[in-house]
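To start, the structure under review is shown below, and the notes come after it.
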Amino acid sequence: MDSHLHALELPAFELDCRDWLIARPDEGSVPEEIGGAPVVAVLSTVVIGAEEITPASAVLSIGLLDEPVDAVRIDDDSPVAELIDFDVVVGSARYVVPAPDGQLALLAEFSGARDCGELMERFRQLMTSFRWAS
């Protein structure tokens with residue numbers, strides 16, 4: 001038996017986060033895991049409208065893929081492999097981005113206000129900006 005433990009590491013990635021505030025576990029401002037999934041970052045943004053302010057947040061975490069995810073691709077040119085869930089009425093969206101090796105995946109879970117198309121578009125724009133870094 002091999003007594004060495006092998007660590008799985010998520011490759012580096014890039015996101016266009018100009019509209020988002022980012023907090024990472026190593027800064028001590030967010031938990032290291034949520035529901036057993038290691039947290040990479042927590043993102044926050046806000047849409048300032050004429051009559052109201054609409055906040056939104058996202059949790060980026062890491063997961064193991066036991067089997068391929070069968071869902072809708074958001075963009076043929078984007079490495080974001082699958083759109084798991086997208087619900088304008090509820091104001092949430094969930095994405096999974098398998099790592100190039102196929103074992104790990106970046107999970108992005110967004111939550112915001114109901115019926116806020118602007119937030120849903122921000123979620124989509126952020127995920128279409130995703131790139132695996134070389």
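Residue numbering restarts at 1 for every chain of the structure tokens, chains are lettered A, B, ... in their displayed order, and ligands are numbered from 1 as they appear.
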
So that I can check the surroundings of range 48-63 of chain A, please list as a compact mmCIF listing (two decimals) with C-alpha atoms, in the first residue's frame every protein, DNA and RNA residue that reaches within 7 Å of it, counting only C-alpha atoms and ignoring chain neighbours fewer than 3 positions away.
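result.txt was written with the following content:
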# COMPACT_ATOMS: atom_id res chain seq x y z
CA ALA A 37 -16.98 21.80 0.61
CA PRO A 38 -13.75 23.83 0.83
CA VAL A 39 -14.43 27.52 0.19
CA VAL A 40 -12.24 29.37 -2.32
CA ALA A 41 -13.90 32.78 -1.94
CA VAL A 42 -17.09 34.63 -1.12
CA LEU A 43 -18.12 37.39 -3.53
CA SER A 44 -20.51 40.28 -2.91
CA THR A 45 -22.01 42.90 -5.19
CA LEU A 104 -12.15 18.52 -9.31
CA ALA A 105 -14.60 21.27 -10.08
CA LEU A 106 -15.13 24.86 -9.09
CA LEU A 107 -18.68 25.34 -7.84
CA ALA A 108 -20.26 28.80 -7.93
CA GLU A 109 -23.53 29.38 -6.08
CA PHE A 110 -25.10 32.81 -6.47
CA SER A 111 -28.00 34.30 -4.53
CA GLY A 112 -29.73 37.63 -4.89
CA ALA A 113 -33.14 39.20 -5.06

For this session: Could you pull out the residues in range 18-132 of chain A that DSSP calls alpha helix (DSSP H) from the backbone, as a list in words?
Result: Gly117, Glu118, Leu119, Met120, Glu121, Arg122, Phe123, Arg124, Gln125, Leu126, Met127 and Thr128 of chain A

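With distances restricted to only C-alpha atoms, A:Leu10 is the closest residue to Pro98 in chain A from A:Leu10, A:Val46, A:Leu15, A:Met127.
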
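Between CA of Cys17 in chain A and CA of Gly36 in chain A the interatomic distance comes to 25.4 Å.
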
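Interatomic distance, CA of Met120 in chain A against CA of Arg94 in chain A: 11.0 Å.
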
For this session: Report the distance between CA of Ala12 in chain A and CA of Gly102 in chain A in Å, rounded to one decimal place.
Result: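 CA of Ala12 in chain A sits 14.4 Å away from CA of Gly102 in chain A.
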